[in-house]
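Single-structure report; data block below.
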Amino acid sequence: MGRRILNEALRKIVNAEKRGKATVELKPISTVMSSFLNIMKDRGYIKNFQVFDPHRVGRITVELQGRVKDCRALTYRQDIKAKEIEEYRLRTLPTRQYGYVVITTPDGVLDHERAMERNVGGQVLGYFH
């Protein structure tokens, strides 16, 4: 159920970007979703996001920047080893210059570059470019 919630939230972001909106509101929320958005913010794909009332159903308001072309969450479980990350990235993302694969690892939720630096594998959550 958690991956479906993440996928619906990421699709809302893409649809709002296509329509030229400045903000989008995501409901319901999860800690994995806020970790995914934090990586997007660190890499410059969204401006900022705010979490409101995280103890109940909650909502996240995301300020868009206009850089997101596509972002998806995998609804199935995809395990990946540290040495297979580069091959998976080349297969999934459209080019070498931009885009990130987000992986949940024992060190937390990381993008593919930090996972390769730390030499850890895990499960693929999704990607964005």
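By convention in this document, the chains of the structure tokens carry letters A, B, ... by their order, each chain's residues are numbered from 1, and ligands are numbered from 1 in the order they are shown.
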
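The neighbours of Ile80 (chain A) here are the residues that come within 7 Å of it, using only C-alpha atoms and leaving out any residue fewer than 3 positions away in the same chain; they are Glu84, Ile85, Gly121, Gly122, Gln123 and Val124 of chain A.
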
Within 10 Å of Ala16 (chain A), counting only C-alpha atoms, which residues qualify if same-chain residues fewer than 6 places away don't, as a ChimeraX atom specification?
-> /A:10,22-25,64,66,68

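Taking CA of Leu74 (chain A) as the reference point, CA of Asp53 (chain A) is found at 26.4 Å.
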
One-decimal distance in Å that lies between CA of Ala82 (chain A) and CA of Asn119 (chain A) | 5.5 Å

If you run DSSP on this backbone, which residues of region 29-61 of chain A come out as alpha helix (DSSP H), and could you give them as a PyMOL selection string?
-> chain A and resi 31-42

Within region 28-120 of chain A, find each residue whose DSSP state, derived from the backbone, is strand (DSSP E), and express the selection as a PyMOL selection string.
-> chain A and resi 46-52+59-64+71-73+79-80+100-105+108-111

Using only C-alpha atoms, which residues sit within 8 Å of region 56-62 of chain A once same-chain residues fewer than 5 positions away are excluded, as a list of chain:residue names?
-> A:Thr23, A:Val24, A:Glu25, A:Leu26, A:Lys27, A:Pro28, A:Ile29, A:Ile46, A:Lys47, A:Asn48, A:Phe49, A:Gln50, A:Val51

For the selection you just gave me, I'd like the residues written to a file as a compact mmCIF listing (two decimals), in the first residue's frame, keeping all heavy atoms.
```txt
# COMPACT_ATOMS: atom_id res chain seq x y z
N THR A 23 2.23 25.06 -7.13
CA THR A 23 2.24 24.18 -5.96
C THR A 23 1.30 23.01 -6.18
O THR A 23 0.39 23.07 -7.02
CB THR A 23 1.80 24.91 -4.67
OG1 THR A 23 0.46 25.35 -4.84
CG2 THR A 23 2.71 26.06 -4.35
N VAL A 24 1.53 21.96 -5.41
CA VAL A 24 0.64 20.80 -5.43
C VAL A 24 0.54 20.28 -4.00
O VAL A 24 1.49 20.37 -3.23
CB VAL A 24 1.15 19.72 -6.40
CG1 VAL A 24 2.46 19.14 -5.96
CG2 VAL A 24 0.13 18.62 -6.59
N GLU A 25 -0.65 19.77 -3.65
CA GLU A 25 -0.89 19.24 -2.31
C GLU A 25 -1.03 17.73 -2.40
O GLU A 25 -1.82 17.22 -3.19
CB GLU A 25 -2.15 19.86 -1.73
CG GLU A 25 -2.35 19.53 -0.28
CD GLU A 25 -3.51 20.30 0.30
OE1 GLU A 25 -3.38 21.52 0.48
OE2 GLU A 25 -4.54 19.67 0.57
N LEU A 26 -0.26 17.03 -1.56
CA LEU A 26 -0.25 15.57 -1.58
C LEU A 26 -0.89 15.04 -0.31
O LEU A 26 -0.54 15.45 0.79
CB LEU A 26 1.19 15.06 -1.69
CG LEU A 26 2.04 15.64 -2.80
CD1 LEU A 26 3.46 15.13 -2.69
CD2 LEU A 26 1.45 15.30 -4.15
N LYS A 27 -1.84 14.11 -0.46
CA LYS A 27 -2.48 13.44 0.67
C LYS A 27 -2.72 12.00 0.28
O LYS A 27 -3.08 11.76 -0.87
CB LYS A 27 -3.83 14.05 1.01
CG LYS A 27 -3.81 15.43 1.53
CD LYS A 27 -5.15 15.85 2.07
CE LYS A 27 -6.04 16.41 1.00
NZ LYS A 27 -7.23 17.06 1.49
N PRO A 28 -2.67 11.03 1.11
CA PRO A 28 -2.04 10.94 2.42
C PRO A 28 -0.53 10.94 2.29
O PRO A 28 -0.01 10.87 1.17
CB PRO A 28 -2.56 9.61 2.96
CG PRO A 28 -2.83 8.80 1.76
CD PRO A 28 -3.25 9.77 0.69
N ILE A 29 0.17 10.96 3.40
CA ILE A 29 1.62 11.08 3.37
C ILE A 29 2.27 9.90 4.09
O ILE A 29 1.60 9.14 4.78
CB ILE A 29 2.10 12.40 4.00
CG1 ILE A 29 1.75 12.44 5.48
CG2 ILE A 29 1.53 13.58 3.27
CD1 ILE A 29 2.37 13.60 6.22
N ILE A 46 12.66 20.25 -7.12
CA ILE A 46 11.55 21.00 -6.53
C ILE A 46 12.15 22.08 -5.64
O ILE A 46 13.28 21.95 -5.18
CB ILE A 46 10.58 20.10 -5.73
CG1 ILE A 46 11.29 19.40 -4.58
CG2 ILE A 46 9.87 19.12 -6.64
CD1 ILE A 46 10.36 18.60 -3.68
N LYS A 47 11.39 23.16 -5.42
CA LYS A 47 11.90 24.25 -4.60
C LYS A 47 11.91 23.89 -3.13
O LYS A 47 12.93 23.97 -2.47
CB LYS A 47 11.06 25.51 -4.81
CG LYS A 47 11.28 26.20 -6.11
CD LYS A 47 10.43 27.44 -6.19
CE LYS A 47 10.52 28.05 -7.57
NZ LYS A 47 9.59 29.17 -7.72
N ASN A 48 10.73 23.53 -2.61
CA ASN A 48 10.60 23.27 -1.18
C ASN A 48 9.33 22.46 -0.95
O ASN A 48 8.46 22.40 -1.81
CB ASN A 48 10.54 24.58 -0.41
CG ASN A 48 10.88 24.40 1.05
OD1 ASN A 48 11.21 23.31 1.50
ND2 ASN A 48 10.80 25.48 1.81
N PHE A 49 9.23 21.87 0.22
CA PHE A 49 8.00 21.20 0.61
C PHE A 49 7.80 21.35 2.11
O PHE A 49 8.76 21.48 2.85
CB PHE A 49 7.98 19.73 0.19
CG PHE A 49 8.96 18.86 0.92
CD1 PHE A 49 8.57 18.13 2.03
CD2 PHE A 49 10.27 18.74 0.49
CE1 PHE A 49 9.46 17.32 2.71
CE2 PHE A 49 11.17 17.93 1.14
CZ PHE A 49 10.77 17.22 2.26
N GLN A 50 6.53 21.37 2.52
CA GLN A 50 6.19 21.50 3.93
C GLN A 50 5.23 20.38 4.31
O GLN A 50 4.28 20.10 3.59
CB GLN A 50 5.51 22.84 4.21
CG GLN A 50 6.44 24.01 4.06
CD GLN A 50 5.72 25.31 4.35
OE1 GLN A 50 4.51 25.40 4.24
NE2 GLN A 50 6.48 26.32 4.74
N VAL A 51 5.49 19.78 5.47
CA VAL A 51 4.63 18.71 5.98
C VAL A 51 3.71 19.31 7.04
O VAL A 51 4.18 19.95 7.98
CB VAL A 51 5.49 17.58 6.60
CG1 VAL A 51 4.60 16.48 7.13
CG2 VAL A 51 6.48 17.04 5.59
```

Computed gap from CA of Glu86 (chain A) to CA of Lys18 (chain A) is 29.0 Å

Which neighbours of Gly44 (chain A) fall inside 12 Å, counting only C-alpha atoms, when residues of the same chain fewer than 5 positions from it are skipped, and could you give them as a ChimeraX atom specification?
-> /A:37-39,63-68,98-100,128-129
